[in-house]
$ cat target32.json   # JSON, C-alpha atoms
[["chain", "number", "residue", "atom", "x", "y", "z"],
["Q", 153, "MET", "CA", 39.10, 37.77, -10.22],
["Q", 154, "VAL", "CA", 35.70, 39.09, -11.21],
["Q", 155, "ALA", "CA", 35.50, 36.58, -14.07],
["Q", 156, "THR", "CA", 36.25, 33.76, -11.65],
["Q", 157, "LEU", "CA", 33.47, 34.83, -9.30],
["Q", 158, "GLY", "CA", 31.01, 35.08, -12.19],
["Q", 159, "VAL", "CA", 31.88, 31.56, -13.33],
["Q", 160, "ALA", "CA", 31.56, 30.22, -9.80],
["Q", 161, "ALA", "CA", 28.04, 31.61, -9.51],
["Q", 162, "VAL", "CA", 26.71, 29.57, -12.44],
["Q", 163, "PRO", "CA", 27.39, 26.10, -10.95],
["Q", 164, "ALA", "CA", 25.96, 27.23, -7.61],
["Q", 165, "GLU", "CA", 22.66, 28.15, -9.27],
["Q", 166, "ALA", "CA", 22.62, 24.85, -11.17],
["Q", 167, "THR", "CA", 23.14, 23.02, -7.91],
["Q", 168, "VAL", "CA", 20.17, 24.80, -6.33],
["Q", 169, "GLY", "CA", 17.93, 23.80, -9.25],
["Q", 170, "THR", "CA", 19.12, 20.17, -9.05],
["Q", 171, "THR", "CA", 18.48, 20.06, -5.30],
["Q", 172, "THR", "CA", 14.93, 21.33, -5.79],
["Q", 173, "GLN", "CA", 14.21, 18.63, -8.37],
["Q", 174, "ALA", "CA", 15.71, 15.91, -6.16],
["Q", 175, "THR", "CA", 13.39, 16.80, -3.28],
["Q", 176, "ALA", "CA", 10.22, 16.67, -5.41],
["Q", 177, "CYS", "CA", 7.99, 13.65, -4.92],
["Q", 178, "PRO", "CA", 8.06, 10.79, -7.42],
["Q", 179, "THR", "CA", 5.53, 11.08, -10.22],
["Q", 180, "GLY", "CA", 4.31, 8.76, -12.93],
["Q", 181, "TRP", "CA", 2.19, 6.54, -10.71],
["Q", 182, "GLY", "CA", -1.37, 5.89, -11.79],
["Q", 183, "SER", "CA", -4.69, 4.77, -10.38],
["Q", 184, "GLN", "CA", -5.34, 1.77, -12.62],
["Q", 185, "ALA", "CA", -5.31, -1.78, -11.24],
["Q", 186, "GLU", "CA", -1.93, -3.39, -10.66],
["Q", 187, "THR", "CA", -1.56, -7.17, -10.57],
["Q", 188, "ARG", "CA", 1.19, -9.73, -10.33],
["Q", 189, "SER", "CA", 0.55, -13.43, -10.87],
["Q", 190, "ALA", "CA", 2.32, -15.57, -8.30],
["Q", 191, "GLY", "CA", 1.33, -17.33, -5.10],
["Q", 192, "THR", "CA", 2.71, -18.84, -1.94],
["Q", 193, "LEU", "CA", 1.55, -21.06, 0.90],
["Q", 194, "GLU", "CA", 3.72, -19.08, 3.32],
["Q", 195, "PRO", "CA", 1.27, -17.33, 5.63],
["Q", 196, "LEU", "CA", 0.82, -13.59, 6.02],
["Q", 197, "THR", "CA", 1.72, -12.59, 9.59],
["Q", 198, "ASN", "CA", 1.51, -8.80, 9.81],
["Q", 199, "VAL", "CA", 0.26, -5.62, 8.16],
["Q", 200, "ARG", "CA", 1.91, -2.33, 9.03],
["Q", 201, "THR", "CA", 1.77, 1.24, 7.77],
["Q", 202, "GLY", "CA", 4.08, 4.22, 7.65],
["Q", 203, "ARG", "CA", 4.02, 7.91, 6.79],
["Q", 204, "HIS", "CA", 6.49, 9.38, 4.30],
["Q", 205, "ALA", "CA", 7.00, 12.88, 2.91],
["Q", 206, "CYS", "CA", 5.35, 12.06, -0.43],
["Q", 207, "PHE", "CA", 3.11, 9.06, 0.27],
["Q", 208, "ASP", "CA", 1.58, 6.78, 2.88],
["Q", 209, "ARG", "CA", 2.76, 3.16, 2.83],
["Q", 210, "MET", "CA", 1.19, -0.20, 3.71],
["Q", 211, "VAL", "CA", 3.40, -3.27, 4.04],
["Q", 212, "VAL", "CA", 1.99, -6.79, 4.09],
["Q", 213, "ASP", "CA", 4.52, -9.15, 5.68],
["Q", 214, "VAL", "CA", 4.76, -12.73, 4.40],
["Q", 215, "PRO", "CA", 7.95, -14.07, 6.05],
["Q", 216, "GLY", "CA", 9.63, -16.90, 4.21],
["Q", 217, "ALA", "CA", 8.17, -16.01, 0.80],
["Q", 218, "GLY", "CA", 10.63, -15.02, -1.88],
["Q", 219, "SER", "CA", 9.88, -11.98, -4.02],
["Q", 220, "SER", "CA", 9.15, -14.22, -7.02],
["Q", 221, "GLU", "CA", 6.46, -16.06, -5.00],
["Q", 222, "LEU", "CA", 4.44, -13.01, -3.98],
["Q", 223, "GLY", "CA", 1.43, -12.08, -6.08],
["Q", 224, "TYR", "CA", -1.11, -9.33, -5.62],
["Q", 225, "SER", "CA", -4.01, -7.40, -7.07],
["Q", 226, "VAL", "CA", -4.56, -3.79, -6.00],
["Q", 227, "ARG", "CA", -7.38, -1.74, -7.47],
["Q", 228, "TYR", "CA", -9.93, 0.92, -6.67],
["Q", 229, "VAL", "CA", -13.44, -0.44, -6.10],
["Q", 230, "SER", "CA", -16.80, 1.24, -5.59],
["Q", 231, "ARG", "CA", -17.84, -1.48, -3.11],
["Q", 232, "LEU", "CA", -15.78, -4.12, -1.35],
["Q", 233, "TYR", "CA", -17.11, -7.68, -1.10],
["Q", 234, "GLN", "CA", -15.66, -10.53, 0.91],
["Q", 235, "ASP", "CA", -14.63, -13.60, -1.09],
["Q", 236, "GLY", "CA", -16.65, -16.71, -0.28],
["Q", 237, "SER", "CA", -19.56, -15.04, 1.49],
["Q", 238, "GLY", "CA", -20.14, -12.03, -0.78],
["Q", 239, "ARG", "CA", -20.65, -9.90, 2.34],
["Q", 240, "GLN", "CA", -20.07, -6.19, 1.75],
["Q", 241, "ILE", "CA", -17.36, -4.68, 3.95],
["Q", 242, "THR", "CA", -17.63, -0.95, 4.64],
["Q", 243, "VAL", "CA", -14.36, 0.99, 4.52],
["Q", 244, "GLY", "CA", -14.13, 4.70, 5.35],
["Q", 245, "GLY", "CA", -12.56, 7.27, 3.04],
["Q", 246, "GLY", "CA", -13.23, 9.07, -0.21],
["Q", 247, "ALA", "CA", -12.03, 6.02, -2.21],
["Q", 248, "VAL", "CA", -11.31, 2.37, -1.43],
["Q", 249, "LEU", "CA", -8.39, 0.25, -2.60],
["Q", 250, "GLU", "CA", -8.97, -3.49, -2.56],
["Q", 251, "VAL", "CA", -5.64, -5.10, -1.68],
["Q", 252, "ARG", "CA", -5.36, -8.83, -2.41],
["Q", 253, "VAL", "CA", -2.21, -10.73, -1.57],
["Q", 254, "THR", "CA", -1.88, -14.30, -2.81],
["Q", 255, "ALA", "CA", -0.90, -15.68, 0.59],
["Q", 256, "PRO", "CA", -3.18, -17.08, 3.31],
["Q", 257, "ALA", "CA", -3.63, -15.36, 6.69],
["Q", 258, "TYR", "CA", -3.70, -18.82, 8.27],
["Q", 259, "ASP", "CA", -1.43, -21.84, 8.55],
["Q", 260, "PRO", "CA", -2.38, -24.10, 5.60],
["Q", 261, "ASP", "CA", -1.53, -27.22, 7.63],
["Q", 262, "THR", "CA", -3.61, -26.43, 10.72],
["Q", 263, "GLY", "CA", -6.04, -23.72, 9.58],
["Q", 264, "LYS", "CA", -5.05, -21.58, 12.59],
["Q", 265, "PRO", "CA", -4.89, -17.82, 11.93],
["Q", 266, "THR", "CA", -1.41, -16.32, 11.54],
["Q", 267, "TYR", "CA", -2.70, -12.73, 11.51],
["Q", 268, "PRO", "CA", -5.10, -11.88, 14.35],
["Q", 269, "ALA", "CA", -7.92, -10.08, 12.55],
["Q", 270, "LYS", "CA", -11.65, -10.45, 12.04],
["Q", 271, "ALA", "CA", -13.61, -9.73, 8.87],
["Q", 272, "GLY", "CA", -14.84, -6.15, 8.74],
["Q", 273, "GLN", "CA", -12.68, -5.01, 11.68],
["Q", 274, "ARG", "CA", -9.81, -2.51, 11.63],
["Q", 275, "LEU", "CA", -6.40, -4.03, 11.01],
["Q", 276, "THR", "CA", -4.70, -5.20, 14.17],
["Q", 277, "GLY", "CA", -1.96, -2.82, 15.32],
["Q", 278, "VAL", "CA", -2.61, -0.22, 12.60],
["Q", 279, "ASN", "CA", -3.33, 3.34, 13.78],
["Q", 280, "LEU", "CA", -3.87, 5.82, 10.94],
["Q", 281, "THR", "CA", -4.08, 8.96, 13.08],
["Q", 282, "GLY", "CA", -2.09, 11.76, 11.44],
["Q", 283, "TYR", "CA", -1.83, 10.16, 7.98],
["Q", 284, "ARG", "CA", -2.28, 12.51, 5.00],
["Q", 285, "THR", "CA", -3.76, 9.91, 2.64],
["Q", 286, "PHE", "CA", -4.86, 6.79, 4.56],
["Q", 287, "ARG", "CA", -8.23, 6.99, 6.32],
["Q", 288, "ASP", "CA", -9.23, 3.41, 7.18],
["Q", 289, "ALA", "CA", -7.83, -0.13, 6.90],
["Q", 290, "ARG", "CA", -10.06, -3.19, 7.29],
["Q", 291, "PHE", "CA", -9.44, -6.90, 7.20],
["Q", 292, "VAL", "CA", -11.82, -8.43, 4.68],
["Q", 293, "GLY", "CA", -10.84, -12.08, 4.93],
["Q", 294, "SER", "CA", -8.60, -14.90, 3.79],
["Q", 295, "PHE", "CA", -10.19, -17.43, 1.47],
["Q", 296, "GLU", "CA", -8.58, -20.19, -0.60],
["Q", 297, "GLY", "CA", -5.09, -18.82, -0.09],
["Q", 298, "ASP", "CA", -5.88, -15.17, -0.93],
["Q", 299, "THR", "CA", -6.06, -12.45, 1.70],
["Q", 300, "GLN", "CA", -8.19, -9.33, 1.17],
["Q", 301, "ILE", "CA", -7.72, -5.96, 2.83],
["Q", 302, "GLY", "CA", -9.73, -2.78, 2.32],
["Q", 303, "LEU", "CA", -7.66, 0.41, 2.37],
["Q", 304, "GLY", "CA", -9.67, 3.62, 2.62],
["Q", 305, "VAL", "CA", -7.89, 6.69, 1.23],
["Q", 306, "ARG", "CA", -8.74, 10.40, 1.14],
["Q", 307, "ALA", "CA", -9.50, 10.37, -2.61],
["Q", 308, "ARG", "CA", -8.67, 8.34, -5.72],
["Q", 309, "LEU", "CA", -4.94, 9.03, -5.76],
["Q", 310, "PRO", "CA", -2.01, 7.48, -7.64],
["Q", 311, "PHE", "CA", -0.41, 4.39, -6.15],
["Q", 312, "ARG", "CA", 2.35, 1.90, -6.83],
["Q", 313, "VAL", "CA", 2.86, -1.68, -5.69],
["Q", 314, "TRP", "CA", 6.16, -3.53, -5.41],
["Q", 315, "VAL", "CA", 7.51, -6.67, -3.77],
["Q", 316, "ALA", "CA", 10.63, -7.62, -1.89],
["Q", 317, "ALA", "CA", 11.49, -10.88, -0.18],
["Q", 318, "GLY", "CA", 8.80, -11.48, 2.42],
["Q", 319, "ARG", "CA", 6.60, -8.45, 1.74],
["Q", 320, "VAL", "CA", 4.22, -6.65, -0.59],
["Q", 321, "VAL", "CA", 4.39, -2.84, -0.43],
["Q", 322, "ILE", "CA", 1.63, -0.41, -1.43],
["Q", 323, "ASP", "CA", 2.44, 3.31, -1.62],
["Q", 324, "VAL", "CA", -0.37, 5.85, -2.13],
["Q", 325, "ALA", "CA", 0.72, 9.37, -3.10],
["Q", 326, "HIS", "CA", -0.48, 12.41, -1.20],
["Q", 327, "ASN", "CA", -1.44, 14.14, -4.47],
["Q", 328, "TRP", "CA", -1.25, 13.91, -8.26],
["Q", 329, "THR", "CA", 1.27, 16.70, -8.83],
["Q", 330, "GLY", "CA", 4.36, 15.44, -7.01],
["Q", 331, "ALA", "CA", 4.42, 18.50, -4.74],
["Q", 332, "ARG", "CA", 5.19, 17.92, -1.10]]

$ encode --input "target32.json" --output "structure tokens"
Amino acid sequence: MVATLGVAAVPAEATVGTTTQATACPTGWGSQAETRSAGTLEPLTNVRTGRHACFDRMVVDVPGAGSSELGYSVRYVSRLYQDGSGRQITVGGGAVLEVRVTAPAYDPDTGKPTYPAKAGQRLTGVNLTGYRTFRDARFVGSFEGDTQIGLGVRARLPFRVWVAAGRVVIDVAHNWTGAR
């Protein structure tokens, strides 16, 4: 009976170690530019954000665009300039991510905006109160089918970008170590 109890204790300890590793945050992200060449004429309609245990997330919605049609460029910049005009857009935070999505924020047939935002202003409907990483989010503009957003973060932190049908997702980690 004692031998059985001793054997039973080993798997229980292994399970505890496995559980601890499973709850750690993902690692392996970096802070270098990420790009994906593709483009769509489907217009961007919304930008939303969310808080997660390990990262803050921004989602750029482009309904009707397949995942193979969505392109982007996300990179840290020292200054953010609006395409077309060259106007500098100020974004709060310790570091600024320039988010470019290769989709217009207007209807290509009519030119009417599909996302109600003005250059240099905070993103419509986005409230970053209580976020660990995000500090500011500004609409930069939409020019020749590309839409620019400035995302101010606490510091230059690792990020990842991925696409799904109808959206581009940007996750910025809370720290470099993967600790919660």

$ atom_distance --input "target32.json" --atom1 "CA of Arg227 in chain Q" --atom2 "CA of Tyr267 in chain Q"
22.4 Å

$ closest_residue --input "target32.json" --among "Q:Gly297, Q:Thr197, Q:Ala247, Q:Cys206" --to "Pro268 in chain Q" --atoms "all atoms listed in the file"
Q:Thr197

$ atom_distance --input "target32.json" --atom1 "CA of Arg274 in chain Q" --atom2 "CA of Gly202 in chain Q"
15.9 Å

$ atom_distance --input "target32.json" --atom1 "CA of Leu280 in chain Q" --atom2 "CA of Tyr233 in chain Q"
22.4 Å

$ closest_atom_pairs --input "target32.json" --of "range 170-242 of chain Q" --to "range 282-289 of chain Q" --cutoff "8 Å" --atoms "only C-alpha atoms" --output "CSV"
residue,atom,partner,partner_atom,distance
Q:Arg203,CA,Q:Tyr283,CA,6.4
Q:Phe207,CA,Q:Thr285,CA,7.3
Q:Asp208,CA,Q:Thr285,CA,6.2

$ closest_residue --input "target32.json" --among "Q:Val243, Q:Ala255, Q:Ala316, Q:Ile322" --to "Gln273 in chain Q" --atoms "all atoms listed in the file"
Q:Val243

$ closest_residue --input "target32.json" --among "Q:Leu222, Q:Val278, Q:Ala257, Q:Val199" --to "Phe295 in chain Q" --atoms "only C-alpha atoms"
Q:Ala257

$ closest_residue --input "target32.json" --among "Q:Lys264, Q:Arg231, Q:His204, Q:Arg188" --to "Ser219 in chain Q" --atoms "all atoms listed in the file"
Q:Arg188

$ residues_around --input "target32.json" --residues "Thr266 in chain Q" --least-positions-apart "4" --cutoff "9 Å" --atoms "only C-alpha atoms" --output "PyMOL selection string"
chain Q and resi 195-198+256-259

$ closest_residue --input "target32.json" --among "Q:Leu232, Q:Ile241, Q:Ala271, Q:Ala317" --to "Ala217 in chain Q" --atoms "all atoms listed in the file"
Q:Ala317

$ closest_residue --input "target32.json" --among "Q:Gly236, Q:Gly218, Q:Pro265, Q:Gly246" --to "Arg306 in chain Q" --atoms "only C-alpha atoms"
Q:Gly246

$ decode --input "target32.json" --residues "range 160-297 of chain Q" --atoms "C-alpha atoms" --output "short mmCIF file (atom, residue, chain, number, x, y, z; two decimals), in the first residue's frame"
data_model
loop_
_atom_site.label_atom_id
_atom_site.label_comp_id
_atom_site.auth_asym_id
_atom_site.auth_seq_id
_atom_site.Cartn_x
_atom_site.Cartn_y
_atom_site.Cartn_z
CA ALA Q 160 0.68 7.97 -7.08
CA ALA Q 161 2.51 11.02 -5.75
CA VAL Q 162 4.89 11.21 -8.73
CA PRO Q 163 2.22 11.77 -11.42
CA ALA Q 164 0.48 14.33 -9.21
CA GLU Q 165 3.68 16.40 -9.02
CA ALA Q 166 4.19 16.08 -12.78
CA THR Q 167 0.66 17.32 -13.33
CA VAL Q 168 1.30 20.38 -11.17
CA GLY Q 169 4.42 21.24 -13.19
CA THR Q 170 2.54 20.79 -16.48
CA THR Q 171 -0.30 23.02 -15.27
CA THR Q 172 2.15 25.77 -14.33
CA GLN Q 173 3.74 25.67 -17.79
CA ALA Q 174 0.34 25.70 -19.51
CA THR Q 175 -0.68 28.90 -17.71
CA ALA Q 176 2.50 30.79 -18.66
CA CYS Q 177 2.15 33.42 -21.36
CA PRO Q 178 3.24 32.68 -24.92
CA THR Q 179 6.82 33.66 -25.70
CA GLY Q 180 8.87 33.88 -28.85
CA TRP Q 181 7.30 37.06 -30.19
CA GLY Q 182 9.62 39.85 -31.26
CA SER Q 183 9.62 43.57 -31.88
CA GLN Q 184 10.80 43.60 -35.49
CA ALA Q 185 8.49 44.69 -38.32
CA GLU Q 186 5.93 42.18 -39.54
CA THR Q 187 4.46 42.44 -43.04
CA ARG Q 188 2.17 40.48 -45.28
CA SER Q 189 1.71 41.34 -48.95
CA ALA Q 190 -1.93 41.22 -50.00
CA GLY Q 191 -4.69 43.74 -50.53
CA THR Q 192 -8.42 44.13 -50.79
CA LEU Q 193 -10.95 46.72 -51.89
CA GLU Q 194 -13.31 45.57 -49.13
CA PRO Q 195 -13.52 48.50 -46.73
CA LEU Q 196 -12.42 48.53 -43.11
CA THR Q 197 -15.46 49.15 -40.88
CA ASN Q 198 -14.32 48.89 -37.27
CA VAL Q 199 -11.35 48.81 -34.91
CA ARG Q 200 -11.76 47.25 -31.49
CA THR Q 201 -9.50 46.30 -28.60
CA GLY Q 202 -9.50 43.77 -25.81
CA ARG Q 203 -7.57 42.91 -22.66
CA HIS Q 204 -6.16 39.41 -22.12
CA ALA Q 205 -4.12 37.85 -19.32
CA CYS Q 206 -0.86 37.96 -21.31
CA PHE Q 207 -1.38 40.69 -23.92
CA ASP Q 208 -3.56 43.52 -25.16
CA ARG Q 209 -5.25 42.98 -28.53
CA MET Q 210 -6.33 45.25 -31.40
CA VAL Q 211 -8.63 43.88 -34.10
CA VAL Q 212 -9.16 45.66 -37.41
CA ASP Q 213 -12.41 44.46 -38.99
CA VAL Q 214 -12.62 44.20 -42.78
CA PRO Q 215 -15.89 42.29 -43.38
CA GLY Q 216 -16.06 40.40 -46.64
CA ALA Q 217 -12.29 40.07 -47.05
CA GLY Q 218 -10.89 36.57 -47.02
CA SER Q 219 -7.79 35.86 -44.96
CA SER Q 220 -5.70 35.52 -48.13
CA GLU Q 221 -6.72 39.06 -49.19
CA LEU Q 222 -5.64 40.85 -46.03
CA GLY Q 223 -2.22 42.47 -45.96
CA TYR Q 224 -0.53 44.53 -43.29
CA SER Q 225 2.62 46.18 -42.06
CA VAL Q 226 3.16 46.62 -38.33
CA ARG Q 227 6.35 48.17 -36.99
CA TYR Q 228 7.73 50.40 -34.28
CA VAL Q 229 8.43 53.96 -35.43
CA SER Q 230 10.10 56.92 -33.75
CA ARG Q 231 7.65 59.32 -35.44
CA LEU Q 232 4.39 58.65 -37.24
CA TYR Q 233 3.64 60.46 -40.50
CA GLN Q 234 0.39 60.47 -42.42
CA ASP Q 235 0.57 59.12 -45.98
CA GLY Q 236 -0.18 61.72 -48.65
CA SER Q 237 0.25 64.83 -46.52
CA GLY Q 238 3.37 63.91 -44.53
CA ARG Q 239 1.71 65.43 -41.44
CA GLN Q 240 3.14 64.12 -38.17
CA ILE Q 241 0.56 62.46 -35.91
CA THR Q 242 1.32 62.46 -32.19
CA VAL Q 243 0.55 59.22 -30.34
CA GLY Q 244 0.95 58.84 -26.58
CA GLY Q 245 2.97 56.07 -24.96
CA GLY Q 246 6.55 54.98 -24.45
CA ALA Q 247 6.66 53.48 -27.98
CA VAL Q 248 4.50 53.72 -31.10
CA LEU Q 249 3.43 50.92 -33.43
CA GLU Q 250 2.46 51.99 -36.92
CA VAL Q 251 -0.33 49.66 -38.05
CA ARG Q 252 -1.06 49.62 -41.78
CA VAL Q 253 -3.83 47.48 -43.19
CA THR Q 254 -4.12 47.16 -46.96
CA ALA Q 255 -7.82 47.98 -47.02
CA PRO Q 256 -9.47 51.40 -47.41
CA ALA Q 257 -11.50 53.03 -44.62
CA TYR Q 258 -13.89 54.29 -47.30
CA ASP Q 259 -16.15 52.83 -49.97
CA PRO Q 260 -14.00 52.71 -53.15
CA ASP Q 261 -17.09 53.29 -55.33
CA THR Q 262 -18.42 56.38 -53.54
CA GLY Q 263 -15.49 57.64 -51.47
CA LYS Q 264 -17.74 57.77 -48.38
CA PRO Q 265 -16.05 56.80 -45.09
CA THR Q 266 -16.84 53.32 -43.74
CA TYR Q 267 -15.06 53.94 -40.43
CA PRO Q 268 -16.02 57.19 -38.68
CA ALA Q 269 -12.64 58.63 -37.70
CA LYS Q 270 -10.62 61.77 -38.31
CA ALA Q 271 -6.87 62.02 -38.80
CA GLY Q 272 -5.04 62.54 -35.53
CA GLN Q 273 -8.08 61.74 -33.37
CA ARG Q 274 -8.56 58.81 -30.99
CA LEU Q 275 -10.11 55.74 -32.56
CA THR Q 276 -13.89 55.78 -32.49
CA GLY Q 277 -15.33 53.51 -29.80
CA VAL Q 278 -11.93 52.52 -28.35
CA ASN Q 279 -11.42 53.16 -24.62
CA LEU Q 280 -8.03 52.04 -23.32
CA THR Q 281 -8.68 52.70 -19.63
CA GLY Q 282 -7.33 49.81 -17.55
CA TYR Q 283 -5.12 48.30 -20.26
CA ARG Q 284 -1.68 47.05 -19.14
CA THR Q 285 0.11 47.70 -22.44
CA PHE Q 286 -1.98 49.97 -24.69
CA ARG Q 287 -1.82 53.71 -23.97
CA ASP Q 288 -3.23 55.49 -27.03
CA ALA Q 289 -4.79 54.64 -30.40
CA ARG Q 290 -5.08 57.23 -33.17
CA PHE Q 291 -6.50 57.18 -36.66
CA VAL Q 292 -3.81 58.41 -39.03
CA GLY Q 293 -5.65 58.18 -42.34
CA SER Q 294 -6.66 56.10 -45.33
CA PHE Q 295 -4.83 56.86 -48.55
CA GLU Q 296 -4.76 54.93 -51.83
CA GLY Q 297 -6.34 51.85 -50.29
#
